[in-house]
>>> print(open('query-v2.cif').read())   # mmCIF, C-alpha atoms and all ligand atoms
data_model
#
loop_
_atom_site.label_atom_id
_atom_site.label_comp_id
_atom_site.auth_asym_id
_atom_site.auth_seq_id
_atom_site.Cartn_x
_atom_site.Cartn_y
_atom_site.Cartn_z
CA MET A 130 86.53 36.62 140.76
CA ARG A 131 88.55 35.89 137.65
CA GLN A 132 87.30 33.66 134.88
CA LYS A 133 88.59 30.07 134.97
CA ILE A 134 89.55 28.87 131.51
CA VAL A 135 90.71 25.56 130.11
CA ALA A 136 91.63 25.88 126.45
CA GLY A 137 92.79 23.20 124.02
CA ASN A 138 95.26 24.27 121.37
CA TRP A 139 95.00 21.53 118.79
CA LYS A 140 97.86 22.96 116.70
CA MET A 141 98.23 21.26 113.27
CA ASN A 142 96.40 18.10 114.31
CA CYS A 143 93.09 16.45 113.32
CA ASP A 144 91.58 16.23 109.89
CA LEU A 145 87.81 16.76 109.74
CA ALA A 146 86.84 13.18 110.69
CA GLU A 147 89.35 13.08 113.54
CA MET A 148 88.08 16.37 114.87
CA GLU A 149 84.47 15.22 114.71
CA GLU A 150 85.41 12.23 116.84
CA LEU A 151 87.22 14.47 119.31
CA LEU A 152 84.27 16.87 119.48
CA ALA A 153 81.85 13.99 120.02
CA GLY A 154 84.00 12.79 122.92
CA ILE A 155 84.01 16.24 124.47
CA LYS A 156 80.27 16.80 124.01
CA ASN A 157 79.39 13.39 125.46
CA ASN A 158 80.93 14.18 128.81
CA ILE A 159 80.80 17.91 128.96
CA GLY A 160 78.31 17.83 131.83
CA SER A 161 81.10 16.69 134.13
CA VAL A 162 82.97 19.98 133.80
CA PRO A 163 82.19 22.55 136.51
CA ASN A 164 79.93 25.36 135.29
CA ASP A 165 82.38 28.06 136.20
CA VAL A 166 85.12 26.68 133.92
CA GLN A 167 85.04 28.18 130.43
CA LEU A 168 86.15 25.62 127.87
CA MET A 169 87.78 26.71 124.63
CA VAL A 170 89.15 24.76 121.69
CA ALA A 171 91.42 26.00 118.93
CA PRO A 172 91.20 23.87 115.76
CA SER A 173 93.09 24.53 112.53
CA PHE A 174 91.60 27.05 110.09
CA THR A 175 89.93 24.38 107.93
CA ASN A 176 88.14 22.97 110.98
CA LEU A 177 86.98 26.23 112.53
CA HIS A 178 83.61 26.41 110.85
CA PRO A 179 82.58 22.77 111.42
CA ALA A 180 83.77 23.05 115.03
CA PHE A 181 81.73 26.21 115.55
CA GLU A 182 78.61 24.56 114.11
CA SER A 183 79.14 21.40 116.16
CA LEU A 184 79.58 23.31 119.42
CA ARG A 185 76.80 25.83 118.79
CA GLU A 186 74.53 24.37 121.48
CA THR A 187 77.30 24.19 124.07
CA ASN A 188 79.17 27.02 125.74
CA VAL A 189 82.54 25.83 124.47
CA LYS A 190 84.22 28.69 122.63
CA VAL A 191 85.95 28.04 119.32
CA VAL A 192 89.19 29.96 118.93
CA ALA A 193 91.52 30.57 115.97
CA GLN A 194 95.20 29.74 116.37
CA ASN A 195 96.40 32.73 114.37
CA MET A 196 95.33 35.48 111.99
CA HIS A 197 96.96 38.07 109.76
CA GLN A 198 97.43 41.64 110.96
CA SER A 199 95.98 43.18 107.77
CA GLU A 200 92.33 43.64 106.90
CA SER A 201 92.59 42.01 103.47
CA GLY A 202 94.78 41.96 100.39
CA ALA A 203 97.57 40.16 98.62
CA PHE A 204 98.71 37.88 101.45
CA THR A 205 98.52 34.43 99.91
CA GLY A 206 97.80 31.75 102.46
CA GLU A 207 96.68 34.10 105.22
CA VAL A 208 93.38 34.57 107.07
CA SER A 209 91.97 37.93 108.16
CA PRO A 210 90.05 38.86 111.31
CA SER A 211 86.87 39.62 109.37
CA MET A 212 87.02 36.17 107.76
CA LEU A 213 87.17 34.65 111.24
CA LYS A 214 84.35 36.82 112.51
CA SER A 215 82.18 35.96 109.51
CA ILE A 216 82.09 32.32 110.66
CA GLY A 217 81.45 33.20 114.29
CA ILE A 218 85.01 33.16 115.65
CA GLU A 219 85.48 35.89 118.24
CA THR A 220 88.73 34.81 119.88
CA VAL A 221 92.23 34.35 118.50
CA ILE A 222 95.53 33.08 119.87
CA ILE A 223 98.36 35.50 119.17
CA GLY A 224 102.05 35.07 119.92
CA HIS A 225 102.29 31.34 120.43
CA SER A 226 105.95 30.34 120.76
CA GLU A 227 105.67 28.17 117.64
CA ARG A 228 104.54 31.23 115.65
CA ARG A 229 107.39 33.22 117.15
CA SER A 230 110.14 30.67 116.57
CA ILE A 231 109.09 28.72 113.45
CA PHE A 232 107.29 31.51 111.58
CA ASN A 233 109.51 34.35 112.77
CA GLU A 234 106.69 36.44 114.21
CA THR A 235 108.38 39.34 115.95
CA ASP A 236 107.07 41.34 118.87
CA ALA A 237 106.34 44.18 116.41
CA VAL A 238 104.20 41.92 114.19
CA LEU A 239 102.44 40.52 117.24
CA ALA A 240 101.69 44.04 118.46
CA GLU A 241 100.05 44.76 115.09
CA LYS A 242 98.05 41.54 115.28
CA VAL A 243 96.83 42.45 118.75
CA SER A 244 95.73 45.90 117.54
CA THR A 245 93.92 44.48 114.52
CA ALA A 246 92.14 41.84 116.58
CA LEU A 247 91.03 44.41 119.17
CA LYS A 248 89.87 46.77 116.43
CA HIS A 249 87.56 43.97 115.31
CA GLY A 250 86.30 43.46 118.83
CA MET A 251 87.96 40.09 119.11
CA THR A 252 89.31 38.56 122.31
CA VAL A 253 93.04 37.82 122.23
CA VAL A 254 94.74 34.93 123.99
CA PHE A 255 98.22 36.44 124.13
CA CYS A 256 101.00 33.86 124.56
CA PHE A 257 104.53 34.46 125.72
CA GLY A 258 107.24 32.72 127.72
CA GLU A 259 110.97 32.35 128.10
CA GLU A 260 113.29 29.75 126.58
CA LEU A 261 115.40 27.39 128.67
CA LYS A 262 118.54 29.45 128.14
CA ASP A 263 116.74 32.51 129.56
CA ARG A 264 115.71 30.63 132.68
CA LYS A 265 119.19 29.18 133.12
CA ALA A 266 120.60 32.69 132.87
CA ASP A 267 118.01 33.89 135.39
CA GLN A 268 116.60 36.22 132.73
CA HIS A 269 113.08 34.78 132.60
CA PHE A 270 111.32 37.75 134.22
CA GLU A 271 113.13 40.22 131.93
CA VAL A 272 112.33 38.20 128.80
CA VAL A 273 108.65 37.95 129.69
CA LYS A 274 108.48 41.65 130.55
CA GLN A 275 110.03 42.51 127.19
CA GLN A 276 107.56 40.27 125.32
CA LEU A 277 104.62 41.89 127.11
CA LYS A 278 105.94 45.43 126.66
CA GLU A 279 106.70 45.03 122.96
CA GLY A 280 103.74 42.91 121.94
CA LEU A 281 100.90 43.90 124.23
CA PHE A 282 101.40 46.90 126.47
CA HIS A 283 100.51 49.41 123.74
CA ILE A 284 96.80 48.67 124.37
CA ASN A 285 94.40 50.88 126.35
CA ASP A 286 92.96 50.19 129.78
CA ALA A 287 89.58 49.31 128.27
CA ASP A 288 91.15 46.76 125.91
CA TRP A 289 92.09 44.55 128.84
CA ASP A 290 88.51 43.23 128.95
CA LYS A 291 89.39 41.46 125.68
CA ILE A 292 92.71 40.00 126.80
CA ILE A 293 93.55 36.57 128.20
CA LEU A 294 97.20 35.90 128.95
CA ALA A 295 98.91 32.54 128.49
CA TYR A 296 102.32 32.06 130.06
CA GLU A 297 103.97 29.19 128.23
CA PRO A 298 107.62 28.61 129.07
CA VAL A 299 109.09 27.28 125.82
CA TRP A 300 111.09 24.59 127.64
CA ALA A 301 107.85 23.07 128.95
CA ILE A 302 105.95 22.92 125.65
CA GLY A 303 105.59 19.41 124.27
CA THR A 304 108.57 18.25 126.33
CA GLY A 305 106.77 16.49 129.14
CA GLU A 306 108.60 18.83 131.49
CA THR A 307 106.14 21.07 133.32
CA ALA A 308 106.98 24.19 135.23
CA SER A 309 106.44 23.38 138.88
CA PRO A 310 103.31 24.89 140.38
CA GLU A 311 105.63 27.19 142.33
CA GLN A 312 107.43 28.35 139.17
CA ALA A 313 104.10 29.01 137.47
CA GLN A 314 102.76 30.90 140.48
CA GLU A 315 105.96 32.94 140.81
CA MET A 316 105.81 34.04 137.17
CA HIS A 317 102.08 34.73 137.19
CA ALA A 318 102.43 36.90 140.29
CA GLU A 319 105.31 38.75 138.61
CA ILE A 320 103.17 39.32 135.50
CA ARG A 321 100.45 40.90 137.65
CA LYS A 322 103.13 43.14 139.14
CA MET A 323 104.25 44.19 135.64
CA ILE A 324 100.66 45.01 134.66
CA THR A 325 100.14 46.93 137.90
CA GLU A 326 103.21 49.05 137.14
CA GLU A 327 102.20 49.80 133.53
CA PHE A 328 98.43 49.96 133.98
CA SER A 329 96.74 49.44 137.34
CA LYS A 330 96.23 46.90 140.10
CA GLU A 331 92.58 46.71 139.17
CA ILE A 332 93.47 45.53 135.66
CA ALA A 333 96.18 43.19 136.93
CA ASP A 334 93.75 41.57 139.36
CA LYS A 335 91.09 41.13 136.68
CA VAL A 336 92.99 39.55 133.79
CA ALA A 337 93.01 35.76 133.48
CA ILE A 338 96.50 34.26 133.22
CA LEU A 339 96.63 30.70 131.91
CA TYR A 340 99.60 28.38 132.24
CA GLY A 341 100.66 26.25 129.28
CA GLY A 342 103.32 23.59 128.90
CA SER A 343 102.83 19.83 129.38
CA VAL A 344 99.66 20.19 131.45
CA LYS A 345 98.00 16.79 131.84
CA PRO A 346 95.38 15.19 134.09
CA ALA A 347 98.09 14.14 136.55
CA ASN A 348 99.45 17.64 137.18
CA ALA A 349 96.59 20.02 136.37
CA GLN A 350 95.09 20.14 139.84
CA GLU A 351 98.23 21.30 141.64
CA ILE A 352 98.93 23.94 138.98
CA PHE A 353 95.36 25.27 138.95
CA ALA A 354 95.38 25.41 142.75
CA LYS A 355 97.87 28.27 142.66
CA GLU A 356 96.40 31.66 143.44
CA ASP A 357 97.48 33.47 140.27
CA VAL A 358 96.89 30.62 137.83
CA ASP A 359 93.49 30.94 136.17
CA GLY A 360 93.55 27.86 134.01
CA GLY A 361 95.53 26.24 131.26
CA LEU A 362 96.33 26.29 127.57
CA ILE A 363 96.67 22.63 126.75
CA GLY A 364 98.44 21.16 123.72
CA GLY A 365 98.99 17.40 123.49
CA ALA A 366 96.59 16.36 126.25
CA SER A 367 93.74 18.33 124.65
CA LEU A 368 93.75 15.93 121.68
CA LYS A 369 92.19 13.23 123.85
CA ALA A 370 88.67 14.12 124.95
CA ASP A 371 88.97 12.22 128.23
CA ASP A 372 92.24 13.88 129.18
CA PHE A 373 91.02 17.34 128.20
CA LEU A 374 87.86 16.95 130.28
CA ALA A 375 89.80 15.42 133.17
CA ILE A 376 92.02 18.51 133.19
CA ALA A 377 88.97 20.80 133.17
CA LYS A 378 87.36 18.77 135.95
CA SER A 379 90.41 19.03 138.14
CA TYR A 380 89.63 22.69 138.72
O1 LIG B 1 101.83 24.90 123.42
C1 LIG B 1 101.01 24.51 124.22
C2 LIG B 1 99.64 25.03 124.21
O2 LIG B 1 99.54 26.15 123.42
C3 LIG B 1 101.35 23.47 125.21
O3 LIG B 1 101.56 22.28 124.55
P1 LIG B 1 101.73 20.90 125.39
O4 LIG B 1 100.58 20.86 126.36
O5 LIG B 1 101.69 19.83 124.35
O6 LIG B 1 103.05 21.01 126.11
#
>>> encode(input="query-v2.cif", output="structure tokens")
Amino acid sequence: MRQKIVAGNWKMNCDLAEMEELLAGIKNNIGSVPNDVQLMVAPSFTNLHPAFESLRETNVKVVAQNMHQSESGAFTGEVSPSMLKSIGIETVIIGHSERRSIFNETDAVLAEKVSTALKHGMTVVFCFGEELKDRKADQHFEVVKQQLKEGLFHINDADWDKIILAYEPVWAIGTGETASPEQAQEMHAEIRKMITEEFSKEIADKVAILYGGSVKPANAQEIFAKEDVDGGLIGGASLKADDFLAIAKSY
């Protein structure tokens, strides 16, 4: 039985007061979420510590949206894995399409980030997904395979216990256009095939694969119902406590 996960990626939203309001909304109704759904939230760096403290008594995990691949040093503006761990953060998102496209994070850099995070015993939510032009050219499976091979497949079998995958087709992020449940299922099944070929069926069957891209209360249920979809990485809709919880409840 794979873990069911509903994770909110808050991106560069919420100052401290706004986040406290959002957290209060989540905590007030958290009892309505099924016990077998692991909730995660990913605030900005400045909000990680207060979020961790606020959620201490719950089982909501607080996740970083990024980290640097080096241990420490002259990297002005960056945050290291040990800094995250020192405030209780054990999970980090790596490879989000916005990091890839806006901040020019290459597969090679992402591979380094994955290695550094694993070295620190952190769990990685590894994001990837094709652009619209790739899908139009019927290249989406190849693009995803390349992203996984270059950014992730250097890890060892044992490392897979610390990996969560998030398939986020770029054309569905923040656009209101969701992949159909069938498109999500097709890609997730293909990803398990890729992992089976490179590693083993046992690993492929075990790893949680989340879908991300315009998930909202109205469409979550049909997406989560698909066999190879193990939850969602939610952007916009996770900024409203009611919508985020409604998505988690639809599992
Ligand atoms: O990028 C996403 C989550 O990481 C998805 O964002 P939206 O849910 O706003 O489309």
>>> atom_distance(input="query-v2.cif", atom1="CA of Ile222 in chain A", atom2="CA of Thr175 in chain A")
15.8 Å
>>> residues_near_ligand(input="query-v2.cif", ligand="ligand LIG 1 (chain B)", cutoff="10 Å", atoms="all atoms listed in the file", output="ChimeraX atom specification")
/A:136-140,171,194,222,224-227,256-257,295-307,340-345,361-368
>>> closest_residue(input="query-v2.cif", among="A:Asn233, A:Asp357, A:Val192, A:Gln276", to="Gln312 in chain A", atoms="only C-alpha atoms")
A:Asp357
>>> closest_residue(input="query-v2.cif", among="A:Arg229, A:Lys156, A:Lys133, A:Arg321", to="Leu374 in chain A", atoms="all atoms listed in the file")
A:Lys156
>>> closest_residue(input="query-v2.cif", among="A:Thr245, A:Glu356, A:Glu315, A:Val170", to="Leu151 in chain A", atoms="only C-alpha atoms")
A:Val170
>>> residues_near_point(input="query-v2.cif", point="(91.2, 36.0, 131.6)", cutoff="8 Å", atoms="only C-alpha atoms", output="mmCIF file with C-alpha atoms, in the frame of the given file")
data_model
loop_
_atom_site.group_PDB
_atom_site.id
_atom_site.type_symbol
_atom_site.label_atom_id
_atom_site.label_comp_id
_atom_site.auth_asym_id
_atom_site.auth_seq_id
_atom_site.Cartn_x
_atom_site.Cartn_y
_atom_site.Cartn_z
ATOM 1 C CA ARG A 131 88.550 35.890 137.650
ATOM 2 C CA GLN A 132 87.300 33.660 134.880
ATOM 3 C CA LYS A 133 88.590 30.070 134.970
ATOM 4 C CA ILE A 134 89.550 28.870 131.510
ATOM 5 C CA ILE A 292 92.710 40.000 126.800
ATOM 6 C CA ILE A 293 93.550 36.570 128.200
ATOM 7 C CA LEU A 294 97.200 35.900 128.950
ATOM 8 C CA LYS A 335 91.090 41.130 136.680
ATOM 9 C CA VAL A 336 92.990 39.550 133.790
ATOM 10 C CA ALA A 337 93.010 35.760 133.480
ATOM 11 C CA ILE A 338 96.500 34.260 133.220
ATOM 12 C CA LEU A 339 96.630 30.700 131.910
ATOM 13 C CA ASP A 359 93.490 30.940 136.170
#
>>> residues_near_point(input="query-v2.cif", point="(84.0, 33.5, 115.2)", cutoff="10 Å", atoms="all atoms listed in the file", output="JSON, numbers by chain")
{"A": [177, 178, 181, 190, 191, 192, 193, 210, 211, 212, 213, 214, 215, 216, 217, 218, 219, 220, 221, 251]}
>>> residues_around(input="query-v2.cif", residues="Lys291 in chain A", least_positions_apart="3", cutoff="7 Å", atoms="only C-alpha atoms", output="ChimeraX atom specification")
/A:251-253,288
>>> closest_residue(input="query-v2.cif", among="A:Leu281, A:Ala287, A:Leu239, A:Ala347", to="Met323 in chain A", atoms="all atoms listed in the file")
A:Leu281
>>> closest_residue(input="query-v2.cif", among="A:Ala377, A:Val166, A:Val358, A:Ala370", to="Glu149 in chain A", atoms="all atoms listed in the file")
A:Ala370
>>> residues_around(input="query-v2.cif", residues="range 142-144 of chain A", least_positions_apart="2", cutoff="8 Å", atoms="only C-alpha atoms", output="PDB file with C-alpha atoms, in the coordinates of the input")
ATOM      1  CA  TRP A 139      95.000  21.530 118.790  1.00  0.00           C
ATOM      2  CA  LYS A 140      97.860  22.960 116.700  1.00  0.00           C
ATOM      3  CA  ALA A 146      86.840  13.180 110.690  1.00  0.00           C
ATOM      4  CA  GLU A 147      89.350  13.080 113.540  1.00  0.00           C
ATOM      5  CA  MET A 148      88.080  16.370 114.870  1.00  0.00           C
ATOM      6  CA  PRO A 172      91.200  23.870 115.760  1.00  0.00           C
ATOM      7  CA  SER A 173      93.090  24.530 112.530  1.00  0.00           C
ATOM      8  CA  ASN A 176      88.140  22.970 110.980  1.00  0.00           C
TER       9      ASN A 176
END
>>> closest_residue(input="query-v2.cif", among="A:Phe255, A:Ile320, A:Asp372, A:Gln314", to="Phe270 in chain A", atoms="only C-alpha atoms")
A:Ile320
>>> residues_around(input="query-v2.cif", residues="Gln350 in chain A", least_positions_apart="3", cutoff="7 Å", atoms="only C-alpha atoms", output="CSV table (one decimal) with C-alpha atoms, in the frame of the given file")
chain,number,residue,atom,x,y,z
A,353,PHE,CA,95.4,25.3,139.0
A,354,ALA,CA,95.4,25.4,142.8
A,379,SER,CA,90.4,19.0,138.1
A,380,TYR,CA,89.6,22.7,138.7
>>> atom_distance(input="query-v2.cif", atom1="CA of Asn158 in chain A", atom2="CA of Phe373 in chain A")
10.6 Å
>>> atom_distance(input="query-v2.cif", atom1="CA of Glu279 in chain A", atom2="CA of Ala240 in chain A")
6.8 Å
>>> decode(input="query-v2.cif", residues="range 317-369 of chain A", atoms="C-alpha atoms", output="PDB file, in the first residue's frame")
ATOM      1  CA  HIS A 317       2.279   7.736 -13.895  1.00  0.00           C
ATOM      2  CA  ALA A 318       2.074   4.175 -15.212  1.00  0.00           C
ATOM      3  CA  GLU A 319       4.835   4.992 -17.707  1.00  0.00           C
ATOM      4  CA  ILE A 320       7.000   6.406 -14.895  1.00  0.00           C
ATOM      5  CA  ARG A 321       6.631   3.138 -12.962  1.00  0.00           C
ATOM      6  CA  LYS A 322       7.710   1.321 -16.110  1.00  0.00           C
ATOM      7  CA  MET A 323      10.806   3.539 -16.374  1.00  0.00           C
ATOM      8  CA  ILE A 324      11.700   2.845 -12.733  1.00  0.00           C
ATOM      9  CA  THR A 325      11.130  -0.885 -13.230  1.00  0.00           C
ATOM     10  CA  GLU A 326      13.556  -0.863 -16.169  1.00  0.00           C
ATOM     11  CA  GLU A 327      16.277   1.088 -14.331  1.00  0.00           C
ATOM     12  CA  PHE A 328      15.755  -0.296 -10.829  1.00  0.00           C
ATOM     13  CA  SER A 329      13.091  -2.887 -10.024  1.00  0.00           C
ATOM     14  CA  LYS A 330       9.361  -3.476 -10.026  1.00  0.00           C
ATOM     15  CA  GLU A 331       9.430  -3.589  -6.257  1.00  0.00           C
ATOM     16  CA  ILE A 332      10.780  -0.033  -6.115  1.00  0.00           C
ATOM     17  CA  ALA A 333       8.431   1.169  -8.855  1.00  0.00           C
ATOM     18  CA  ASP A 334       5.427  -0.227  -7.002  1.00  0.00           C
ATOM     19  CA  LYS A 335       6.492   1.353  -3.721  1.00  0.00           C
ATOM     20  CA  VAL A 336       7.245   4.958  -4.676  1.00  0.00           C
ATOM     21  CA  ALA A 337       4.494   7.555  -4.298  1.00  0.00           C
ATOM     22  CA  ILE A 338       3.834   9.563  -7.459  1.00  0.00           C
ATOM     23  CA  LEU A 339       1.889  12.788  -6.955  1.00  0.00           C
ATOM     24  CA  TYR A 340       0.174  14.736  -9.705  1.00  0.00           C
ATOM     25  CA  GLY A 341       0.458  18.525  -9.785  1.00  0.00           C
ATOM     26  CA  GLY A 342      -1.112  21.130 -12.019  1.00  0.00           C
ATOM     27  CA  SER A 343      -4.379  22.992 -11.361  1.00  0.00           C
ATOM     28  CA  VAL A 344      -5.701  20.443  -8.866  1.00  0.00           C
ATOM     29  CA  LYS A 345      -8.752  21.853  -7.090  1.00  0.00           C
ATOM     30  CA  PRO A 346     -11.645  20.526  -5.009  1.00  0.00           C
ATOM     31  CA  ALA A 347     -13.723  20.039  -8.163  1.00  0.00           C
ATOM     32  CA  ASN A 348     -11.263  17.733  -9.927  1.00  0.00           C
ATOM     33  CA  ALA A 349      -9.186  16.128  -7.163  1.00  0.00           C
ATOM     34  CA  GLN A 350     -11.400  13.107  -6.624  1.00  0.00           C
ATOM     35  CA  GLU A 351     -11.312  11.845 -10.206  1.00  0.00           C
ATOM     36  CA  ILE A 352      -7.534  12.349 -10.421  1.00  0.00           C
ATOM     37  CA  PHE A 353      -6.832  10.643  -7.079  1.00  0.00           C
ATOM     38  CA  ALA A 354      -9.079   7.747  -8.088  1.00  0.00           C
ATOM     39  CA  LYS A 355      -6.560   6.657 -10.701  1.00  0.00           C
ATOM     40  CA  GLU A 356      -4.547   3.593  -9.773  1.00  0.00           C
ATOM     41  CA  ASP A 357      -1.069   5.083 -10.147  1.00  0.00           C
ATOM     42  CA  VAL A 358      -1.828   8.523  -8.721  1.00  0.00           C
ATOM     43  CA  ASP A 359      -0.879   8.687  -5.044  1.00  0.00           C
ATOM     44  CA  GLY A 360      -1.921  12.226  -4.288  1.00  0.00           C
ATOM     45  CA  GLY A 361      -1.281  15.773  -5.353  1.00  0.00           C
ATOM     46  CA  LEU A 362       1.127  18.675  -5.178  1.00  0.00           C
ATOM     47  CA  ILE A 363      -1.175  21.641  -4.990  1.00  0.00           C
ATOM     48  CA  GLY A 364      -0.265  25.251  -5.787  1.00  0.00           C
ATOM     49  CA  GLY A 365      -2.992  27.903  -5.950  1.00  0.00           C
ATOM     50  CA  ALA A 366      -5.748  25.903  -4.258  1.00  0.00           C
ATOM     51  CA  SER A 367      -3.504  25.147  -1.263  1.00  0.00           C
ATOM     52  CA  LEU A 368      -3.520  28.841  -0.311  1.00  0.00           C
ATOM     53  CA  LYS A 369      -7.117  28.527   0.857  1.00  0.00           C
TER      54      LYS A 369
END
